[in-house]
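Q: Structure provided below as structure tokens; questions to follow.
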Amino acid sequence: MFRVPKLLPWRSIASAMMIALVAFGAALGGLVAIGTTQAAHAETVSPEAEAGEPATLVIAPDEPVIRSSAEEFQFQVLLKNPSNAEIGAGEVVLSLDNLRAESSADLELDTERETLEIATVPLEITPAGENQTVSASVTRTDMPLLFSRLSGVYPLRAEFIPETQAEDEDATPLRATTPLVWNGVESLSPLPLTLVVPLVLPSTIQTLPNRDDLARTAPNLIQVFEAAERRNATIAIDPRILAGIRVLGSDAPAAATTLLENIEKSASPIILLQFADADPAVQAALGFEELLKPVGFSRAQPKTQSTPAEPKADETLANPEGEIPEFDGLLNLANAKPGAWPAGGEVDSATLGLLRKAGLTSLVLDSHNVSSATSSRVELSDFEALIANRQFGDSARDSIAAGTTTERAAGSASLASGLALAAQLGETGAVLAIDRVALADSPNPLEIFEELDSFTWAQTVSERQQAIGTASLRAGTTTEDRRELLRATLLRAEQIDALAPLLRAPDSLHEYQRERVLQSLSAGNASPLVDFAAVDERIKLRDEQLLRGVQPVVTENTQLVGTLSHIPITLNNALPFDALVNLHATPVSAAISVSTRNFDVSVPADGTANVLVPVHSRISSGDTGLALEVQDHDRDRVFATALLPLTLRTTIETVMIWVFGSAAVLLLGFGIFRSVRRRRTQQAETKAAEPAETENDPDAKE
């Protein structure tokens, strides 16, 4: 076995140090050489190799319909670079297909077709993580060959050509295509188009809307509802709107009351969605045996509303104005048909079974969720279903809510062209389901309706005017990531529900949590506009706050300087409702005693409350503590525990008494001394003044 000598000669030590230095230098040189080589290699790596997300190119006409009578035509080009490497300068070549599109296949990006170049637009360097937008203006003289073309749909194409490109770079060229309508459409009759319009709350409202929520959203909802009615649309309504207005009764805002009246007397086809637009497809995927429902709205009752007195035996109590209807009455709508609108493309046989069990008979399905459909309104198993065209819906969503002006213009052009091509092909009908998130969060929700009105080749009709055909279900599925995140949400919801005994009104937490769960299941969360991971993170953050429940707030150390001290304990309530709890305090050692161990404490919602615990010290110094437990008011269960460290320093109290006592004695003695001295001084002054007075007094002389 190799054994290290206990003591090396100095010469050996020096030799060893020299060898080590040489080895270290060689290693360092090698590292420097390797680093230099790697840096040199990095300079030759193409931007595409370094970039994570690839760059994209978007092309769009300013107007979805181009008229040959115009003198000038405007186009927009957008280069989006989300990567971590800049894109060099270059130019974008714009071209238009020479032949009119005769089918949707002609609109594909990779379709090889003869084109006419109409413009070349230079692009500067696009920095990493930024976008670049340029405009192209084309006059009539720039493209004279266009004016002899047939009316119809033509793909507008764009290709980015960089100024320089590495020799070893084999990057896919950036290309884009967006169809546009040239001079309208040649068709025998307009395309019968049925709209499915969602009447749902903005994504910022997570639970039952309160008065402020309704006052803010009702005017827009009225506009959307009236626009949908004028266009014979099928209207899909979130029951939260109805329940929120009905719970408030006479306290509801005037606009909300008007909206409810319009809904209740409407003759349009109406589907009442699940509460919070909860998605039946994801509930089926999570293994629910029945559709989830809210459990009540007692917490939303207006504070000013008084509970009616019990009627006497010979009296019949009339319903007071503003009284909250029964739970079922809050959600029901007599003129609505029992239906559902699951997230697009995610319905399977389990979803249909869940809907069938709930007694629902009408569906809105995505066109990717069915096969062999002979019409846009079909009988599917024992359901009647509207088959919403996926391409129309995606284009409409982009036209409303895409992130840039160019992308919204491309969405409008794509929607116009899709409808035009369907009319040109003589299709008997189509259904456009407007994205619920896009419409609910849009600052200008009426623009999509005005845009559709301008397409003369499409005519909005009621679903009742669509011919009934047949179709087969093509099973879809929800994403595994979304299911896993929702399972975690449901587990945390159960843990939060278990905190209800801490509250004055335990049902309030159950109601609140059920509404939050239903919102997390919303079909709108499956929209491409929604980053569900970010939504889940927001839900998780709120769950973690609620899971704190009611807890004691303790400091690192508290000193007791007397034999009797009143220790302040702060209770924090993280729940959104008033809590009524019992605080139990127990000494952890015999060094202290607590005369009262249980304290009933009322803690306001999202607030704090203080408790003074009387603690008696039995020794002069040392370390001890109080074990704190937060229990429900009936003391059935402990919900939170904490240890409050205490340090005993009663000698400090004795020293302070001696110090203050001595100071008091000194002050008293000093006061007496000053009083005696002042009195003696006054007496001396009096005696000194008496002879002078005698000399001046004649009687005294005699």
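The chains in the structure tokens are called A, B, ... from first to last as shown; in each chain the residues are counted from 1, and the ligands are counted from 1 in the order shown.
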Do a neighbour search on Val437 in chain A at 10 Å with only C-alpha atoms, toss out local chain neighbours closer than 6 positions, and write the hits as a list in words.

A: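 Near Val437 in chain A, the qualifying residues are Pro198, Val200, Leu201, Pro202, Ser203, Arg397, Ala401, Ala523, Gly524, Asn525, Ala526, Ser527, Pro528, Leu529 and Val530 of chain A.
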
Q: Write the residues you've just listed into a file as an mmCIF file, in the first residue's frame, and include all heavy atoms for each of them.

A:
data_model
loop_
_atom_site.group_PDB
_atom_site.id
_atom_site.type_symbol
_atom_site.label_atom_id
_atom_site.label_comp_id
_atom_site.auth_asym_id
_atom_site.auth_seq_id
_atom_site.Cartn_x
_atom_site.Cartn_y
_atom_site.Cartn_z
ATOM 1 N N PRO A 198 -70.659 33.734 -28.273
ATOM 2 C CA PRO A 198 -70.570 33.507 -26.821
ATOM 3 C C PRO A 198 -70.914 34.780 -26.050
ATOM 4 O O PRO A 198 -70.411 35.863 -26.362
ATOM 5 C CB PRO A 198 -69.105 33.129 -26.618
ATOM 6 C CG PRO A 198 -68.385 33.837 -27.727
ATOM 7 C CD PRO A 198 -69.339 33.901 -28.892
ATOM 8 N N VAL A 200 -70.185 35.613 -22.626
ATOM 9 C CA VAL A 200 -69.457 35.183 -21.429
ATOM 10 C C VAL A 200 -68.746 36.383 -20.817
ATOM 11 O O VAL A 200 -68.577 37.423 -21.454
ATOM 12 C CB VAL A 200 -68.444 34.067 -21.751
ATOM 13 C CG1 VAL A 200 -69.154 32.848 -22.303
ATOM 14 C CG2 VAL A 200 -67.403 34.556 -22.751
ATOM 15 N N LEU A 201 -68.311 36.222 -19.588
ATOM 16 C CA LEU A 201 -67.644 37.299 -18.859
ATOM 17 C C LEU A 201 -66.164 37.357 -19.223
ATOM 18 O O LEU A 201 -65.566 36.347 -19.614
ATOM 19 C CB LEU A 201 -67.798 37.080 -17.359
ATOM 20 C CG LEU A 201 -69.232 37.161 -16.832
ATOM 21 C CD1 LEU A 201 -69.306 36.636 -15.401
ATOM 22 C CD2 LEU A 201 -69.761 38.581 -16.902
ATOM 23 N N PRO A 202 -65.549 38.526 -19.084
ATOM 24 C CA PRO A 202 -64.100 38.624 -19.340
ATOM 25 C C PRO A 202 -63.314 37.685 -18.442
ATOM 26 O O PRO A 202 -63.760 37.309 -17.353
ATOM 27 C CB PRO A 202 -63.783 40.099 -19.022
ATOM 28 C CG PRO A 202 -65.087 40.818 -19.147
ATOM 29 C CD PRO A 202 -66.144 39.832 -18.746
ATOM 30 N N SER A 203 -62.132 37.326 -18.877
ATOM 31 C CA SER A 203 -61.315 36.361 -18.134
ATOM 32 C C SER A 203 -60.843 36.900 -16.795
ATOM 33 O O SER A 203 -60.389 36.130 -15.945
ATOM 34 C CB SER A 203 -60.098 35.960 -18.979
ATOM 35 O OG SER A 203 -59.358 37.108 -19.367
ATOM 36 N N ARG A 397 -60.846 34.571 -34.908
ATOM 37 C CA ARG A 397 -60.123 34.824 -33.660
ATOM 38 C C ARG A 397 -58.912 35.716 -33.899
ATOM 39 O O ARG A 397 -58.666 36.676 -33.150
ATOM 40 C CB ARG A 397 -59.663 33.495 -33.055
ATOM 41 C CG ARG A 397 -58.933 33.634 -31.730
ATOM 42 C CD ARG A 397 -58.239 32.347 -31.348
ATOM 43 N NE ARG A 397 -57.172 32.013 -32.269
ATOM 44 C CZ ARG A 397 -57.031 30.837 -32.872
ATOM 45 N NH1 ARG A 397 -57.895 29.867 -32.675
ATOM 46 N NH2 ARG A 397 -56.024 30.619 -33.695
ATOM 47 N N ALA A 401 -58.240 39.298 -32.042
ATOM 48 C CA ALA A 401 -57.346 39.342 -30.884
ATOM 49 C C ALA A 401 -55.880 39.053 -31.182
ATOM 50 O O ALA A 401 -55.109 38.883 -30.236
ATOM 51 C CB ALA A 401 -57.844 38.343 -29.835
ATOM 52 N N ALA A 523 -63.816 26.155 -20.722
ATOM 53 C CA ALA A 523 -63.440 25.799 -22.094
ATOM 54 C C ALA A 523 -62.585 26.891 -22.718
ATOM 55 O O ALA A 523 -61.784 26.627 -23.617
ATOM 56 C CB ALA A 523 -64.701 25.562 -22.934
ATOM 57 N N GLY A 524 -62.762 28.132 -22.242
ATOM 58 C CA GLY A 524 -61.940 29.227 -22.762
ATOM 59 C C GLY A 524 -60.465 29.038 -22.486
ATOM 60 O O GLY A 524 -59.616 29.554 -23.223
ATOM 61 N N ASN A 525 -60.119 28.278 -21.446
ATOM 62 C CA ASN A 525 -58.712 28.045 -21.131
ATOM 63 C C ASN A 525 -58.034 27.141 -22.152
ATOM 64 O O ASN A 525 -56.806 27.011 -22.135
ATOM 65 C CB ASN A 525 -58.576 27.442 -19.735
ATOM 66 C CG ASN A 525 -58.834 28.460 -18.648
ATOM 67 O OD1 ASN A 525 -58.686 29.661 -18.854
ATOM 68 N ND2 ASN A 525 -59.234 27.992 -17.474
ATOM 69 N N ALA A 526 -58.820 26.483 -22.994
ATOM 70 C CA ALA A 526 -58.239 25.659 -24.054
ATOM 71 C C ALA A 526 -57.979 26.469 -25.319
ATOM 72 O O ALA A 526 -57.438 25.936 -26.290
ATOM 73 C CB ALA A 526 -59.173 24.485 -24.380
ATOM 74 N N SER A 527 -58.342 27.743 -25.316
ATOM 75 C CA SER A 527 -58.142 28.598 -26.485
ATOM 76 C C SER A 527 -56.659 28.845 -26.730
ATOM 77 O O SER A 527 -55.872 28.952 -25.778
ATOM 78 C CB SER A 527 -58.846 29.948 -26.270
ATOM 79 O OG SER A 527 -58.475 30.885 -27.272
ATOM 80 N N PRO A 528 -56.246 28.924 -28.009
ATOM 81 C CA PRO A 528 -54.839 29.255 -28.301
ATOM 82 C C PRO A 528 -54.424 30.623 -27.769
ATOM 83 O O PRO A 528 -53.230 30.894 -27.636
ATOM 84 C CB PRO A 528 -54.798 29.230 -29.840
ATOM 85 C CG PRO A 528 -55.942 28.363 -30.244
ATOM 86 C CD PRO A 528 -57.010 28.606 -29.228
ATOM 87 N N LEU A 529 -55.381 31.474 -27.461
ATOM 88 C CA LEU A 529 -55.060 32.786 -26.918
ATOM 89 C C LEU A 529 -54.619 32.716 -25.460
ATOM 90 O O LEU A 529 -54.080 33.697 -24.934
ATOM 91 C CB LEU A 529 -56.286 33.712 -27.016
ATOM 92 C CG LEU A 529 -56.754 34.084 -28.417
ATOM 93 C CD1 LEU A 529 -58.053 34.863 -28.343
ATOM 94 C CD2 LEU A 529 -55.694 34.897 -29.140
ATOM 95 N N VAL A 530 -54.856 31.592 -24.807
ATOM 96 C CA VAL A 530 -54.624 31.477 -23.368
ATOM 97 C C VAL A 530 -53.396 30.609 -23.105
ATOM 98 O O VAL A 530 -53.290 29.491 -23.612
ATOM 99 C CB VAL A 530 -55.859 30.877 -22.659
ATOM 100 C CG1 VAL A 530 -55.571 30.670 -21.175
ATOM 101 C CG2 VAL A 530 -57.060 31.789 -22.841
#

Q: Residues near range 129-136 of chain A, anyone? I mean within 7 Å using only C-alpha atoms, not counting same-chain ones fewer than 3 positions away, as number ranges by chain.

A: A: 74-84, 121, 126

Q: Let's have the selection written as a compact mmCIF listing (two decimals), in the first residue's frame, with C-alpha atoms.

A:
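Result written to again_1.txt:
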# COMPACT_ATOMS: atom_id res chain seq x y z
CA GLN A 74 -51.46 48.70 -49.52
CA PHE A 75 -49.80 45.63 -48.01
CA GLN A 76 -48.14 44.99 -44.64
CA VAL A 77 -45.17 42.74 -43.95
CA LEU A 78 -44.29 41.57 -40.43
CA LEU A 79 -41.08 39.75 -39.51
CA LYS A 80 -41.26 38.27 -35.98
CA ASN A 81 -37.97 37.29 -34.38
CA PRO A 82 -38.56 35.59 -31.00
CA SER A 83 -35.09 34.00 -31.09
CA ASN A 84 -31.96 35.07 -29.20
CA VAL A 121 -39.73 45.57 -49.79
CA THR A 126 -34.27 42.59 -36.90

Q: Tell me, as a list in words, which residues lie within 9 Å of Gly88 in chain A, counting only C-alpha atoms; anything in the same chain fewer than 4 positions away does not count.

A: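 The filter keeps Leu123, Glu124, Ile125, Thr126, Pro127, Pro162, Glu163, Thr164 and Gln165 of chain A.
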
Q: Please run DSSP on the backbone and report, as a PyMOL selection string, all residues within range 80-236 of chain A that come out as strand (DSSP E).

A: chain A and resi 80-81+90-97+115-123+130-139+152-162+175-182+191-199+234-236

Q: Which residues, written as a ChimeraX atom specification, have at least one atom at most 8 Å from Asp543 in chain A, with only C-alpha atoms counted and residues fewer than 4 positions away on the same chain left out?

A: /A:492-493,496,539,547

Q: I'd like the contact shell of Glu117 in chain A - 12 Å cut-off, only C-alpha atoms, skipping same-chain residues fewer than 3 positions apart - returned as an mmCIF file with N, CA and C atoms, in the first residue's frame.

A:
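Result file result_21.cif:
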data_model
loop_
_atom_site.group_PDB
_atom_site.id
_atom_site.type_symbol
_atom_site.label_atom_id
_atom_site.label_comp_id
_atom_site.auth_asym_id
_atom_site.auth_seq_id
_atom_site.Cartn_x
_atom_site.Cartn_y
_atom_site.Cartn_z
ATOM 1 N N VAL A 92 -38.062 41.473 -48.873
ATOM 2 C CA VAL A 92 -39.211 40.583 -48.982
ATOM 3 C C VAL A 92 -39.835 40.790 -50.357
ATOM 4 N N VAL A 93 -39.982 39.688 -51.072
ATOM 5 C CA VAL A 93 -40.599 39.722 -52.397
ATOM 6 C C VAL A 93 -42.061 39.328 -52.260
ATOM 7 N N LEU A 94 -42.965 40.215 -52.726
ATOM 8 C CA LEU A 94 -44.400 39.951 -52.693
ATOM 9 C C LEU A 94 -44.860 39.512 -54.067
ATOM 10 N N SER A 95 -45.722 38.490 -54.066
ATOM 11 C CA SER A 95 -46.258 38.006 -55.340
ATOM 12 C C SER A 95 -47.698 37.563 -55.148
ATOM 13 N N LEU A 96 -48.422 37.514 -56.241
ATOM 14 C CA LEU A 96 -49.824 37.100 -56.232
ATOM 15 C C LEU A 96 -49.994 35.972 -57.238
ATOM 16 N N ASP A 97 -50.762 34.958 -56.852
ATOM 17 C CA ASP A 97 -50.963 33.834 -57.768
ATOM 18 C C ASP A 97 -51.618 34.309 -59.062
ATOM 19 N N ASN A 98 -51.191 33.708 -60.145
ATOM 20 C CA ASN A 98 -51.778 34.057 -61.439
ATOM 21 C C ASN A 98 -53.163 33.457 -61.620
ATOM 22 N N GLU A 114 -47.999 29.201 -60.282
ATOM 23 C CA GLU A 114 -47.390 30.305 -61.019
ATOM 24 C C GLU A 114 -47.825 31.626 -60.389
ATOM 25 N N THR A 120 -41.218 44.576 -54.090
ATOM 26 C CA THR A 120 -40.066 44.161 -53.294
ATOM 27 C C THR A 120 -39.874 45.186 -52.187
ATOM 28 N N VAL A 121 -39.801 44.682 -50.946
ATOM 29 C CA VAL A 121 -39.728 45.572 -49.788
ATOM 30 C C VAL A 121 -38.432 45.306 -49.033
ATOM 31 N N VAL A 138 -48.505 49.531 -53.780
ATOM 32 C CA VAL A 138 -48.493 49.081 -55.174
ATOM 33 C C VAL A 138 -49.551 49.863 -55.943
ATOM 34 N N ASP A 142 -48.136 49.325 -61.493
ATOM 35 C CA ASP A 142 -47.182 48.293 -61.077
ATOM 36 C C ASP A 142 -47.667 46.888 -61.405
ATOM 37 N N MET A 143 -48.936 46.714 -61.565
ATOM 38 C CA MET A 143 -49.449 45.365 -61.833
ATOM 39 C C MET A 143 -50.630 45.421 -62.801
ATOM 40 N N PRO A 144 -50.372 45.824 -64.014
ATOM 41 C CA PRO A 144 -51.466 45.927 -64.987
ATOM 42 C C PRO A 144 -52.104 44.597 -65.344
ATOM 43 N N LEU A 145 -51.364 43.506 -65.185
ATOM 44 C CA LEU A 145 -51.908 42.210 -65.569
ATOM 45 C C LEU A 145 -53.011 41.730 -64.626
ATOM 46 N N LEU A 146 -53.152 42.377 -63.459
ATOM 47 C CA LEU A 146 -54.158 41.934 -62.503
ATOM 48 C C LEU A 146 -55.577 42.241 -62.950
ATOM 49 N N LEU A 156 -51.868 35.617 -51.625
ATOM 50 C CA LEU A 156 -50.801 36.614 -51.617
ATOM 51 C C LEU A 156 -49.613 35.980 -50.906
ATOM 52 N N ARG A 157 -48.459 35.959 -51.572
ATOM 53 C CA ARG A 157 -47.306 35.249 -51.031
ATOM 54 C C ARG A 157 -46.154 36.213 -50.772
ATOM 55 N N ALA A 158 -45.308 35.837 -49.790
ATOM 56 C CA ALA A 158 -44.132 36.641 -49.452
ATOM 57 C C ALA A 158 -42.972 35.716 -49.135
ATOM 58 N N GLU A 159 -41.755 36.129 -49.523
ATOM 59 C CA GLU A 159 -40.550 35.376 -49.209
ATOM 60 C C GLU A 159 -39.449 36.345 -48.810
#

Q: What does the distance between CA of Pro173 in chain A and CA of Phe160 in chain A come to in Å, to one decimal place?

A: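 Distance between the two atoms: 6.8 Å.
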